[in-house]
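Student: You'll find protein.cif just under this line, and it carries mmCIF, C-alpha atoms (C1' of nucleotides).
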data_upload
#
loop_
_atom_site.label_atom_id
_atom_site.label_comp_id
_atom_site.auth_asym_id
_atom_site.auth_seq_id
_atom_site.Cartn_x
_atom_site.Cartn_y
_atom_site.Cartn_z
CA MET A 1 0.00 0.00 0.00
CA ASN A 2 1.26 3.46 -0.95
CA ILE A 3 0.37 5.32 2.22
CA GLN A 4 1.01 8.83 0.86
CA GLN A 5 -1.22 8.16 -2.13
CA PHE A 6 -3.90 6.63 0.07
CA GLN A 7 -3.92 9.70 2.36
CA HIS A 8 -4.11 12.01 -0.64
CA ASP A 9 -6.93 10.11 -2.34
CA LEU A 10 -8.97 9.86 0.86
CA ILE A 11 -8.50 13.48 1.96
CA THR A 12 -9.11 14.91 -1.52
CA TRP A 13 -12.33 12.92 -1.81
CA PHE A 14 -13.44 13.98 1.69
CA LYS A 15 -12.90 17.68 1.02
CA GLU A 16 -14.85 17.40 -2.20
CA GLU A 17 -17.75 15.18 -1.10
CA LYS A 18 -18.21 15.76 2.62
CA ARG A 19 -21.73 16.46 3.85
CA ASP A 20 -22.51 19.91 5.16
CA LEU A 21 -23.19 19.10 8.83
CA PRO A 22 -23.74 21.57 11.69
CA TRP A 23 -20.67 20.43 13.65
CA ARG A 24 -18.54 21.03 10.58
CA GLN A 25 -19.29 24.75 10.84
CA THR A 26 -17.28 25.22 14.01
CA ALA A 27 -13.77 24.88 15.40
CA ASP A 28 -14.98 25.11 19.01
CA PRO A 29 -13.69 22.01 20.84
CA TYR A 30 -16.76 22.11 23.14
CA ARG A 31 -19.15 21.93 20.20
CA ILE A 32 -17.16 19.18 18.52
CA TRP A 33 -17.17 17.28 21.82
CA VAL A 34 -20.95 17.62 22.08
CA SER A 35 -21.39 16.34 18.53
CA GLU A 36 -19.19 13.31 19.15
CA ILE A 37 -21.14 12.34 22.26
CA MET A 38 -24.47 12.69 20.45
CA LEU A 39 -23.20 10.68 17.48
CA GLN A 40 -22.29 7.67 19.63
CA GLN A 41 -24.46 4.83 18.32
CA THR A 42 -26.82 7.40 16.82
CA ARG A 43 -27.52 8.35 13.21
CA VAL A 44 -26.50 11.71 11.77
CA ASP A 45 -30.05 12.59 10.70
CA THR A 46 -31.32 11.91 14.22
CA VAL A 47 -28.60 13.98 15.84
CA ILE A 48 -28.87 17.17 13.76
CA PRO A 49 -31.99 18.70 15.38
CA PHE A 50 -30.86 17.67 18.88
CA TYR A 51 -27.44 19.20 18.27
CA ASN A 52 -28.89 22.50 17.12
CA ARG A 53 -31.36 22.77 20.02
CA PHE A 54 -28.79 21.68 22.58
CA LEU A 55 -26.24 24.31 21.55
CA GLU A 56 -28.88 26.99 21.39
CA LYS A 57 -29.71 26.17 24.99
CA PHE A 58 -26.12 25.58 26.14
CA PRO A 59 -23.99 27.64 23.74
CA THR A 60 -20.83 27.45 25.80
CA LEU A 61 -19.04 24.96 27.98
CA GLU A 62 -19.77 27.15 30.99
CA ALA A 63 -23.47 27.28 30.17
CA LEU A 64 -23.65 23.49 30.21
CA ALA A 65 -21.51 23.29 33.35
CA GLY A 66 -23.99 25.52 35.18
CA ALA A 67 -27.20 23.75 34.11
CA GLU A 68 -29.53 21.66 36.27
CA GLU A 69 -29.68 17.92 35.74
CA GLN A 70 -33.38 17.97 34.85
CA GLU A 71 -32.65 20.63 32.28
CA ILE A 72 -29.93 18.65 30.49
CA LEU A 73 -32.01 15.46 30.59
CA LYS A 74 -34.94 17.32 29.06
CA ALA A 75 -32.67 18.57 26.28
CA TRP A 76 -31.56 14.98 25.66
CA GLU A 77 -35.12 13.58 25.82
CA GLY A 78 -35.78 11.31 22.85
CA LEU A 79 -32.11 10.86 21.93
CA GLY A 80 -31.52 7.82 24.14
CA TYR A 81 -28.54 6.60 26.16
CA TYR A 82 -29.24 9.22 28.78
CA SER A 83 -26.09 8.62 30.81
CA ARG A 84 -24.25 10.28 27.91
CA VAL A 85 -25.51 13.72 28.84
CA ARG A 86 -24.85 13.28 32.55
CA ASN A 87 -21.30 12.15 31.79
CA LEU A 88 -20.88 14.99 29.31
CA GLN A 89 -21.84 17.53 31.93
CA ALA A 90 -19.51 15.90 34.47
CA GLY A 91 -16.70 16.14 31.92
CA VAL A 92 -17.53 19.73 31.09
CA ARG A 93 -17.54 20.66 34.77
CA GLU A 94 -14.14 19.06 35.20
CA VAL A 95 -12.77 21.06 32.26
CA SER A 96 -14.24 24.20 33.78
CA GLU A 97 -12.70 23.56 37.18
CA GLN A 98 -9.40 21.83 36.35
CA TYR A 99 -8.50 23.37 32.98
CA GLY A 100 -9.96 26.86 33.21
CA GLY A 101 -12.59 26.01 30.61
CA THR A 102 -10.18 24.91 27.88
CA VAL A 103 -10.69 21.35 26.63
CA PRO A 104 -7.35 19.53 27.08
CA ASP A 105 -5.39 18.56 23.97
CA THR A 106 -3.60 15.38 24.99
CA ARG A 107 -5.04 11.86 24.89
CA LYS A 108 -4.09 11.27 28.50
CA ASP A 109 -5.96 14.30 29.84
CA ILE A 110 -9.01 14.18 27.60
CA SER A 111 -9.46 10.43 28.15
CA ALA A 112 -9.73 11.03 31.87
CA LEU A 113 -12.95 13.01 31.34
CA LYS A 114 -16.28 11.29 32.02
CA GLY A 115 -17.84 9.79 28.93
CA VAL A 116 -14.73 10.24 26.78
CA GLY A 117 -13.48 6.84 25.61
CA PRO A 118 -10.81 5.90 23.06
CA TYR A 119 -12.90 6.92 20.05
CA THR A 120 -14.17 10.27 21.35
CA ALA A 121 -10.73 11.23 22.64
CA GLY A 122 -9.19 10.71 19.20
CA ALA A 123 -12.08 12.39 17.41
CA VAL A 124 -11.91 15.59 19.48
CA LEU A 125 -8.11 15.68 19.40
CA SER A 126 -7.87 15.26 15.64
CA ILE A 127 -10.89 17.33 14.59
CA ALA A 128 -10.63 20.20 17.07
CA TYR A 129 -6.85 20.35 17.54
CA GLY A 130 -5.36 18.65 14.49
CA VAL A 131 -3.52 16.08 16.61
CA PRO A 132 -2.64 12.89 14.70
CA GLU A 133 -4.51 10.42 16.92
CA HIS A 134 -6.65 7.42 16.00
CA ALA A 135 -10.46 7.65 16.21
CA VAL A 136 -11.72 4.15 15.58
CA ASP A 137 -15.48 3.69 15.39
CA GLY A 138 -17.63 1.12 13.62
CA ASN A 139 -17.17 2.83 10.27
CA VAL A 140 -13.40 2.83 10.54
CA MET A 141 -13.29 -0.84 11.49
CA ARG A 142 -15.52 -1.75 8.55
CA VAL A 143 -13.56 0.37 6.05
CA LEU A 144 -10.13 -0.79 7.20
CA SER A 145 -11.20 -4.42 7.53
CA ARG A 146 -11.83 -4.26 3.79
CA ILE A 147 -8.88 -2.12 2.74
CA LEU A 148 -6.39 -4.12 4.81
CA LEU A 149 -8.29 -7.43 4.59
CA ILE A 150 -8.44 -7.84 8.34
CA GLU A 151 -10.59 -10.83 9.25
CA GLU A 152 -10.72 -10.49 13.01
CA ASP A 153 -14.18 -10.28 14.60
CA ILE A 154 -14.98 -6.56 14.99
CA ALA A 155 -17.59 -7.40 17.64
CA LYS A 156 -14.78 -8.34 20.01
CA PRO A 157 -13.32 -5.52 22.16
CA LYS A 158 -9.75 -6.69 21.60
CA THR A 159 -10.04 -6.19 17.84
CA ARG A 160 -10.33 -2.41 18.13
CA LYS A 161 -6.69 -2.14 19.21
CA ARG A 162 -5.60 -3.76 15.96
CA PHE A 163 -7.38 -1.00 14.04
CA GLU A 164 -6.01 1.74 16.26
CA GLU A 165 -2.51 0.55 15.43
CA ALA A 166 -3.38 0.49 11.74
CA VAL A 167 -4.70 4.06 11.84
CA MET A 168 -1.53 5.28 13.55
CA GLN A 169 0.47 3.81 10.66
CA LEU A 170 -1.77 5.37 8.03
CA ILE A 171 -2.89 8.73 9.43
CA SER A 172 -1.87 11.95 7.71
CA HIS A 173 0.17 14.28 9.91
CA GLU A 174 -0.64 17.19 7.61
CA ASP A 175 -4.42 16.84 8.07
CA PRO A 176 -5.40 14.33 10.76
CA SER A 177 -8.90 15.82 10.94
CA SER A 178 -9.74 15.22 7.30
CA PHE A 179 -8.11 11.81 7.40
CA ASN A 180 -10.15 10.55 10.36
CA GLN A 181 -13.37 12.15 9.18
CA GLY A 182 -12.66 10.88 5.68
CA LEU A 183 -12.53 7.27 6.90
CA MET A 184 -15.85 7.72 8.70
CA GLU A 185 -17.48 9.58 5.83
CA LEU A 186 -16.34 6.85 3.47
CA GLY A 187 -17.95 4.28 5.73
CA ALA A 188 -21.18 6.25 5.86
CA LEU A 189 -21.48 7.05 2.14
CA ILE A 190 -19.51 4.47 0.13
CA CYS A 191 -18.10 1.60 2.16
CA THR A 192 -21.48 0.72 3.67
CA PRO A 193 -22.27 -2.46 5.63
CA THR A 194 -24.15 -4.11 2.77
CA THR A 195 -23.44 -3.65 -0.93
CA PRO A 196 -20.55 -1.17 -0.71
CA LYS A 197 -20.36 1.20 -3.68
CA CYS A 198 -16.86 0.16 -4.72
CA LEU A 199 -17.18 1.66 -8.20
CA LEU A 200 -17.55 5.09 -6.58
CA CYS A 201 -14.81 4.54 -4.02
CA PRO A 202 -11.88 6.97 -4.12
CA VAL A 203 -9.51 4.44 -2.54
CA ARG A 204 -10.56 1.20 -4.22
CA GLU A 205 -7.12 0.89 -5.80
CA HIS A 206 -5.73 0.66 -2.26
CA CYS A 207 -8.35 -1.87 -1.15
CA ALA A 208 -7.23 -5.48 -0.70
CA ALA A 209 -10.80 -6.79 -0.39
CA PHE A 210 -11.83 -5.09 -3.64
CA HIS A 211 -8.87 -6.60 -5.46
CA GLU A 212 -9.91 -10.05 -4.29
CA GLY A 213 -13.63 -9.41 -4.79
CA ARG A 214 -14.25 -10.14 -1.11
CA GLN A 215 -15.71 -6.79 0.00
CA ASN A 216 -19.06 -8.42 0.78
CA GLU A 217 -17.46 -10.93 3.15
CA LEU A 218 -16.06 -8.21 5.41
CA PRO A 219 -16.09 -7.18 8.13
CA VAL A 220 -16.43 -10.36 10.17
CA LYS A 221 -18.90 -9.62 12.96
CA THR A 222 -20.56 -12.11 15.28
CA LYS A 223 -24.27 -11.60 15.85
CA ALA A 224 -25.66 -10.08 19.00
CA LYS A 225 -27.83 -12.28 21.18
CA LYS A 226 -31.50 -11.41 21.14
CA ASN A 227 -33.21 -9.68 24.00
CA LYS A 228 -35.69 -10.76 26.63
CA SER A 229 -39.21 -9.58 27.35
CA VAL A 230 -40.74 -8.28 30.58
CA SER A 231 -44.38 -7.35 31.28
CA PHE A 232 -45.39 -4.16 33.09
CA LEU A 233 -48.47 -2.42 34.37
CA MET A 234 -48.39 1.35 33.81
CA ALA A 235 -51.04 3.43 35.56
CA ALA A 236 -52.12 7.00 34.93
CA ILE A 237 -53.86 7.77 38.20
CA ARG A 238 -55.90 10.96 38.14
CA GLN A 239 -56.91 12.91 41.23
CA GLU A 240 -58.66 16.21 40.59
CA ASP A 241 -56.52 17.96 37.94
CA LYS A 242 -53.33 16.06 38.72
CA PHE A 243 -51.59 12.82 37.82
CA LEU A 244 -49.25 10.69 39.89
CA VAL A 245 -45.70 10.41 38.47
CA GLU A 246 -42.51 8.79 39.69
CA GLN A 247 -38.85 9.36 38.98
CA ARG A 248 -36.80 6.36 37.92
CA PRO A 249 -33.75 5.42 40.00
CA ALA A 250 -30.52 7.39 39.48
CA GLN A 251 -28.80 4.30 38.07
CA GLY A 252 -29.75 1.93 35.29
CA LEU A 253 -32.23 2.03 32.44
CA LEU A 254 -33.71 5.50 31.77
CA ALA A 255 -32.10 6.74 34.97
CA GLY A 256 -33.71 9.87 36.38
CA MET A 257 -36.50 9.99 33.81
CA TRP A 258 -40.13 10.44 34.90
CA GLN A 259 -43.07 8.14 34.21
CA PHE A 260 -46.50 7.08 35.40
CA PRO A 261 -46.14 4.45 38.13
CA LEU A 262 -44.78 1.30 36.50
CA LEU A 263 -44.97 -2.15 38.08
CA GLU A 264 -43.70 -5.47 36.85
CA ALA A 265 -46.77 -7.66 36.45
CA LYS A 266 -48.14 -10.67 34.58
CA ALA A 267 -49.47 -10.22 31.06
CA ASP A 268 -53.15 -9.68 30.14
CA LEU A 269 -54.21 -7.93 33.33
CA LEU A 270 -57.89 -7.25 33.86
CA PRO A 271 -58.88 -3.80 35.16
CA ALA A 272 -59.95 -5.32 38.48
CA GLU A 273 -56.57 -6.99 38.87
CA ALA A 274 -54.80 -3.73 38.05
CA GLU A 275 -56.88 -1.92 40.70
CA GLU A 276 -55.99 -4.51 43.28
CA ILE A 277 -52.26 -4.34 42.57
CA LEU A 278 -52.22 -0.53 42.52
CA THR A 279 -54.23 -0.22 45.73
CA ALA A 280 -51.82 -2.55 47.52
CA VAL A 281 -48.59 -1.07 46.20
CA LEU A 282 -49.55 2.61 46.37
CA LYS A 283 -51.43 2.18 49.65
CA GLY A 284 -54.23 4.36 48.33
CA ASP A 285 -57.81 4.28 47.17
CA VAL A 286 -57.61 3.45 43.45
CA ASP A 287 -60.78 2.78 41.46
CA GLN A 288 -62.41 3.01 38.03
CA ALA A 289 -59.48 1.34 36.25
CA GLU A 290 -59.78 1.01 32.49
CA LYS A 291 -57.27 -0.33 30.01
CA VAL A 292 -56.05 2.42 27.69
CA ILE A 293 -53.33 0.80 25.61
CA SER A 294 -51.16 -2.24 25.25
CA PHE A 295 -47.80 -1.83 23.55
CA LYS A 296 -44.28 -3.19 23.17
CA HIS A 297 -41.26 -1.02 23.66
CA ILE A 298 -38.02 -2.48 22.33
CA PHE A 299 -34.77 -1.36 23.95
CA SER A 300 -31.38 -2.60 22.78
CA HIS A 301 -31.24 -5.47 25.24
CA ILE A 302 -34.77 -5.83 26.65
CA THR A 303 -38.37 -5.53 25.56
CA TRP A 304 -41.09 -4.05 27.72
CA GLU A 305 -44.62 -5.31 27.17
CA VAL A 306 -46.70 -2.59 28.76
CA GLU A 307 -50.38 -2.55 29.61
CA GLY A 308 -51.48 0.96 30.37
CA PHE A 309 -54.48 1.79 32.57
CA ILE A 310 -56.24 4.98 33.54
CA ALA A 311 -57.67 5.02 37.06
CA GLY A 312 -58.95 7.42 39.70
CA GLY A 313 -57.42 8.16 43.09
CA LYS A 314 -59.20 9.37 46.23
CA ASN A 315 -57.46 11.31 49.03
CA MET A 316 -54.17 9.68 48.12
CA GLU A 317 -50.84 10.94 49.37
CA ALA A 318 -47.96 10.64 46.91
CA PRO A 319 -45.77 7.72 48.02
CA ASN A 320 -42.00 8.19 48.41
CA GLY A 321 -40.34 9.14 45.12
CA MET A 322 -43.66 10.12 43.54
CA ARG A 323 -45.41 13.45 42.98
CA TRP A 324 -48.81 14.75 41.98
CA VAL A 325 -48.37 17.05 38.99
CA THR A 326 -50.60 18.96 36.62
CA VAL A 327 -50.40 18.14 32.94
CA ARG A 328 -48.46 21.37 32.41
CA GLU A 329 -45.94 20.43 35.09
CA MET A 330 -45.67 16.91 33.70
CA HIS A 331 -44.55 18.20 30.32
CA GLU A 332 -41.61 20.00 31.93
CA LEU A 333 -40.21 16.70 33.22
CA PRO A 334 -37.82 14.53 31.19
CA MET A 335 -39.76 11.51 29.95
CA ALA A 336 -38.66 8.57 27.80
CA ASN A 337 -40.62 6.97 24.99
CA PRO A 338 -42.67 4.37 26.88
CA MET A 339 -44.13 7.22 28.96
CA LYS A 340 -44.75 9.26 25.82
CA LYS A 341 -46.59 6.38 24.20
CA MET A 342 -48.91 6.25 27.19
CA ILE A 343 -49.48 10.01 27.10
CA GLU A 344 -50.34 9.79 23.41
CA ALA A 345 -52.87 7.05 24.14
CA LEU A 346 -54.49 9.25 26.79
CA LYS A 347 -54.72 12.10 24.30
CA VAL A 348 -56.37 9.87 21.72
CA ARG A 349 -58.82 8.85 24.40
CA GLY A 350 -59.56 12.46 25.27
CA VAL A 351 -58.28 12.10 28.83
CA LEU A 352 -55.46 14.51 28.13
CA GLU A 353 -55.50 17.68 26.09
"C1'" DA B 1 -14.83 -10.08 28.23
"C1'" DA B 2 -19.52 -9.67 28.53
"C1'" DC B 3 -23.21 -7.04 29.63
"C1'" DT B 4 -25.81 -2.65 30.06
"C1'" DC B 5 -27.57 1.36 28.02
"C1'" DG B 6 -32.33 4.12 23.56
"C1'" DT B 7 -34.02 5.26 19.48
"C1'" DG B 8 -35.63 5.27 14.71
"C1'" DG B 9 -34.92 3.69 10.08
"C1'" DC B 10 -34.28 0.14 6.87
"C1'" DC B 11 -35.33 -4.10 4.24
"C1'" DT C 1 -42.01 -8.15 10.81
"C1'" DG C 2 -37.98 -9.08 13.28
"C1'" DG C 3 -33.30 -8.48 13.07
"C1'" DC C 4 -29.74 -5.29 12.21
"C1'" DC C 5 -27.85 -1.35 12.48
"C1'" DA C 6 -25.58 4.01 13.72
"C1'" DA C 7 -19.43 8.75 14.67
"C1'" DG C 8 -19.22 3.86 22.02
"C1'" DA C 9 -18.55 4.19 27.05
"C1'" DG C 10 -19.10 2.42 31.69
"C1'" DT C 11 -18.97 -1.36 34.64
#
Any chance you could give the structure as structure tokens?
Tutor:
Amino acid sequence: MNIQQFQHDLITWFKEEKRDLPWRQTADPYRIWVSEIMLQQTRVDTVIPFYNRFLEKFPTLEALAGAEEQEILKAWEGLGYYSRVRNLQAGVREVSEQYGGTVPDTRKDISALKGVGPYTAGAVLSIAYGVPEHAVDGNVMRVLSRILLIEEDIAKPKTRKRFEEAVMQLISHEDPSSFNQGLMELGALICTPTTPKCLLCPVREHCAAFHEGRQNELPVKTKAKKNKSVSFLMAAIRQEDKFLVEQRPAQGLLAGMWQFPLLEAKADLLPAEAEEILTAVLKGDVDQAEKVISFKHIFSHITWEVEGFIAGGKNMEAPNGMRWVTVREMHELPMANPMKKMIEALKVRGVLE
DNA sequence: AACTCGTGGCC
DNA sequence: TGGCCAAGAGT
């Protein structure tokens, strides 16, 4: 492989064909950092509106450092992987306090920040500071597995190191940013998971898999195991003009998000059974239960099968960790999709505005 | 190393 | 429609 020629072909193509994305309009390390966190396991088209809103609300590192947790969660609502934004804020606060607000420019220092792993460290270093450091994501592993004909399983953690070493051999020291982004852009536009567009590829002459006609066999990636299912009872309990809501635990799935009371329960609950369970668990007078919706919500590793009920409460105190809120107040709270599905069902039913 | 942690789009 | 995926990190 002629490395100089490869760098030139990749970088020239990238500068010519790169998409016009919001985070390519800035040199602000904070903004590039935010984009890299949002883009983790998330599609570009999904990220764009979140990125724009988020930076309108938190335009500077200090603005994010000073925000309330509920505020940042609300800004992240609907994007998923909510620990990302908590870790991002923790990292930002550390930069504010330990580095005077300037994002550090060495792998050692930036990697020590919350939420900044090997990929994000290299991405921010190369894109914001022009440091020749590897930034190996799924795109890069796919692209280089083909170009270099690497047959190791990219689903295995150990394999990433092999690609990091490869990038350090190949990376341009004149333009590390365009080189790293070029590899990712190539993976997104040309060297796609299925049916790569080799005839449009700017580096196909450097590609070992293309020369052997084996581009469709790579990368090697073992399949993920499929997820399990759990049944829940979700209850919108109305008392006067308020509904009972609870905050999820600070750790784990959808940490810190708000929802109608949610209880693990058997499938196909009757309204009477739901009333009985709710009365016992909430230690209150719950009546008039009616089923509103039944839906599946598929997370990456688990599936919720939710049966949603509307019910009435009488002279109930809010149990620990729960609150009575008006509909207006409810909409200020960060809520994940299962809760939103229930709210939508209540709107359809005319229970909610 | 294996598992957790969301969402929406695609075929 | 179910499986797979998309600029990963924390534990």
Student: Using only C-alpha atoms (C1' of nucleotides), find which residues of chain C lie within 9 Å of chain A and jot them down as a PyMOL selection string.
Tutor: chain C and resi 3+5-10
Student: Dump C-alpha atoms (C1' of nucleotides) for the selected residues as a short mmCIF file (atom, residue, chain, number, x, y, z; two decimals), in the coordinates of the input?
Tutor:
data_model
loop_
_atom_site.label_atom_id
_atom_site.label_comp_id
_atom_site.auth_asym_id
_atom_site.auth_seq_id
_atom_site.Cartn_x
_atom_site.Cartn_y
_atom_site.Cartn_z
"C1'" DG C 3 -33.30 -8.48 13.07
"C1'" DC C 5 -27.85 -1.35 12.48
"C1'" DA C 6 -25.58 4.01 13.72
"C1'" DA C 7 -19.43 8.75 14.67
"C1'" DG C 8 -19.22 3.86 22.02
"C1'" DA C 9 -18.55 4.19 27.05
"C1'" DG C 10 -19.10 2.42 31.69
#
Student: Can you build me a table of stretch 212-278 of chain A residues sitting at most 12 Å from stretch 314-332 of chain A, with the closest atom pair per residue and its distance in Å to one decimal, using only C-alpha atoms, sorted by chain and residue number, as a tab-separated table?
Tutor:
residue	atom	partner	partner_atom	distance
A:Ala236	CA	A:Trp324	CA	11.0
A:Ile237	CA	A:Trp324	CA	9.4
A:Arg238	CA	A:Lys314	CA	8.9
A:Gln239	CA	A:Lys314	CA	6.5
A:Glu240	CA	A:Lys314	CA	8.9
A:Asp241	CA	A:Thr326	CA	6.1
A:Lys242	CA	A:Thr326	CA	4.5
A:Phe243	CA	A:Trp324	CA	5.4
A:Leu244	CA	A:Trp324	CA	4.6
A:Val245	CA	A:Arg323	CA	5.4
A:Glu246	CA	A:Met322	CA	4.2
A:Gln247	CA	A:Gly321	CA	6.3
A:Arg248	CA	A:Gly321	CA	8.5
A:Pro249	CA	A:Gly321	CA	9.1
A:Ala250	CA	A:Gly321	CA	11.5
A:Gly256	CA	A:Gly321	CA	11.0
A:Met257	CA	A:Glu332	CA	11.4
A:Trp258	CA	A:Met330	CA	8.6
A:Gln259	CA	A:Met330	CA	9.2
A:Phe260	CA	A:Met322	CA	9.1
A:Pro261	CA	A:Met322	CA	8.2
A:Leu262	CA	A:Met322	CA	11.3
A:Leu278	CA	A:Met316	CA	11.8
Student: Take the PyMOL selection byres ((chain A and resi 130) around 9), run it mentally on this structure, and tell me the resulting residues as JSON, numbers by chain.
Tutor: {"A": [124, 125, 126, 127, 128, 129, 131, 132, 133, 173, 174, 175, 176, 177]}
Student: Restricting the output to C-alpha atoms, write the selected residues as a PDB file, in the frame of the given file.
Tutor:
ATOM      1  CA  VAL A 124     -11.910  15.590  19.480  1.00  0.00           C
ATOM      2  CA  LEU A 125      -8.110  15.680  19.400  1.00  0.00           C
ATOM      3  CA  SER A 126      -7.870  15.260  15.640  1.00  0.00           C
ATOM      4  CA  ILE A 127     -10.890  17.330  14.590  1.00  0.00           C
ATOM      5  CA  ALA A 128     -10.630  20.200  17.070  1.00  0.00           C
ATOM      6  CA  TYR A 129      -6.850  20.350  17.540  1.00  0.00           C
ATOM      7  CA  VAL A 131      -3.520  16.080  16.610  1.00  0.00           C
ATOM      8  CA  PRO A 132      -2.640  12.890  14.700  1.00  0.00           C
ATOM      9  CA  GLU A 133      -4.510  10.420  16.920  1.00  0.00           C
ATOM     10  CA  HIS A 173       0.170  14.280   9.910  1.00  0.00           C
ATOM     11  CA  GLU A 174      -0.640  17.190   7.610  1.00  0.00           C
ATOM     12  CA  ASP A 175      -4.420  16.840   8.070  1.00  0.00           C
ATOM     13  CA  PRO A 176      -5.400  14.330  10.760  1.00  0.00           C
ATOM     14  CA  SER A 177      -8.900  15.820  10.940  1.00  0.00           C
TER      15      SER A 177
END
Student: Hey, can you check how far atom CA of A:Leu148 sits from atom CA of A:His206?
Tutor: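 These atoms are spaced 8.6 Å apart.
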Student: Show me, as a VMD selection string, every residue of chain B with an atom at most 6 Å from chain A, counting only C-alpha atoms (C1' of nucleotides).
Tutor: chain B and resid 5 to 7
Student: Between A:Arg204, A:Lys225, A:Asn180, A:Leu352, single out the one closest to C:DC4, counting all atoms listed in the file.
Tutor: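 Selected residue with least distance to C:DC4: A:Lys225.
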Student: Any idea what the distance is between atom CA of A:Gly100 and atom CA of A:Tyr30?
Tutor: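 Atom CA of A:Gly100 sits 13.0 Å away from atom CA of A:Tyr30.
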Student: Suppose you want the space between atom CA of A:Arg86 and atom CA of A:Glu62; what is it in Å?
Tutor: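 Here the two named atoms are 14.9 Å from each other.
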Student: Which residues come within 8 Å of A:Asn216, counting all atoms listed in the file, excluding same-chain residues fewer than 6 positions away, as a PyMOL selection string?
Tutor: chain A and resi 194-196
Student: Mind dumping the selected residues with C-alpha atoms as a PDB file, in the frame of the given file?
Tutor:
ATOM      1  CA  THR A 194     -24.150  -4.110   2.770  1.00  0.00           C
ATOM      2  CA  THR A 195     -23.440  -3.650  -0.930  1.00  0.00           C
ATOM      3  CA  PRO A 196     -20.550  -1.170  -0.710  1.00  0.00           C
TER       4      PRO A 196
END
Student: I want to know what sits within 8 Å of A:Gln215, based on only C-alpha atoms (C1' of nucleotides), with residues of the same chain fewer than 3 positions away left out; could you give that as a PyMOL selection string?
Tutor: chain A and resi 146+196+209-210+212+218
Student: Within 10 Å of A:Ile72, counting all atoms listed in the file, which residues qualify if same-chain residues fewer than 6 places away don't, as number ranges by chain?
Tutor: A: 54, 57-58, 64, 82, 85-86, 88-89, 334
Student: Could the residues in this selection be saved with C-alpha atoms as an mmCIF file, keeping the file's coordinate frame?
Tutor:
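Once written, again.cif looks like this:
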data_model
loop_
_atom_site.group_PDB
_atom_site.id
_atom_site.type_symbol
_atom_site.label_atom_id
_atom_site.label_comp_id
_atom_site.auth_asym_id
_atom_site.auth_seq_id
_atom_site.Cartn_x
_atom_site.Cartn_y
_atom_site.Cartn_z
ATOM 1 C CA PHE A 54 -28.790 21.680 22.580
ATOM 2 C CA LYS A 57 -29.710 26.170 24.990
ATOM 3 C CA PHE A 58 -26.120 25.580 26.140
ATOM 4 C CA LEU A 64 -23.650 23.490 30.210
ATOM 5 C CA TYR A 82 -29.240 9.220 28.780
ATOM 6 C CA VAL A 85 -25.510 13.720 28.840
ATOM 7 C CA ARG A 86 -24.850 13.280 32.550
ATOM 8 C CA LEU A 88 -20.880 14.990 29.310
ATOM 9 C CA GLN A 89 -21.840 17.530 31.930
ATOM 10 C CA PRO A 334 -37.820 14.530 31.190
#
Student: Determine, counting only C-alpha atoms (C1' of nucleotides), which protein, DNA and RNA residues have an atom within 12 Å of an atom of A:Ala289; residues of the same chain fewer than 4 positions away are not included. Present the result as number ranges by chain.
Tutor: A: 233-238, 269-279, 285, 307-313
Student: Any chance you could resolve the PyMOL selection byres ((chain A and resi 228) around 8) against this file and give the residues as a ChimeraX atom specification?
Tutor: /A:226-227,229-230,301-303
Student: Please complete stretch 169-178 of chain A with N, CA and C atoms and give it back as an mmCIF file, in the frame of the given file.
Tutor:
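Final output, out01.cif:
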data_model
loop_
_atom_site.group_PDB
_atom_site.id
_atom_site.type_symbol
_atom_site.label_atom_id
_atom_site.label_comp_id
_atom_site.auth_asym_id
_atom_site.auth_seq_id
_atom_site.Cartn_x
_atom_site.Cartn_y
_atom_site.Cartn_z
ATOM 1 N N GLN A 169 -0.472 4.000 11.778
ATOM 2 C CA GLN A 169 0.470 3.810 10.660
ATOM 3 C C GLN A 169 0.059 4.607 9.428
ATOM 4 N N LEU A 170 -1.257 4.797 9.281
ATOM 5 C CA LEU A 170 -1.770 5.370 8.030
ATOM 6 C C LEU A 170 -2.053 6.864 8.096
ATOM 7 N N ILE A 171 -2.312 7.380 9.302
ATOM 8 C CA ILE A 171 -2.890 8.730 9.430
ATOM 9 C C ILE A 171 -1.966 9.822 8.857
ATOM 10 N N SER A 172 -2.588 10.788 8.228
ATOM 11 C CA SER A 172 -1.870 11.950 7.710
ATOM 12 C C SER A 172 -1.491 12.880 8.847
ATOM 13 N N HIS A 173 -0.243 13.300 8.893
ATOM 14 C CA HIS A 173 0.170 14.280 9.910
ATOM 15 C C HIS A 173 -0.058 15.705 9.431
ATOM 16 N N GLU A 174 -0.341 15.855 8.150
ATOM 17 C CA GLU A 174 -0.640 17.190 7.610
ATOM 18 C C GLU A 174 -2.095 17.562 7.907
ATOM 19 N N ASP A 175 -2.996 16.557 7.852
ATOM 20 C CA ASP A 175 -4.420 16.840 8.070
ATOM 21 C C ASP A 175 -5.106 15.647 8.745
ATOM 22 N N PRO A 176 -4.807 15.460 10.026
ATOM 23 C CA PRO A 176 -5.400 14.330 10.760
ATOM 24 C C PRO A 176 -6.931 14.408 10.801
ATOM 25 N N SER A 177 -7.452 15.628 10.874
ATOM 26 C CA SER A 177 -8.900 15.820 10.940
ATOM 27 C C SER A 177 -9.584 15.272 9.699
ATOM 28 N N SER A 178 -9.130 15.679 8.540
ATOM 29 C CA SER A 178 -9.740 15.220 7.300
ATOM 30 C C SER A 178 -9.516 13.722 7.087
#
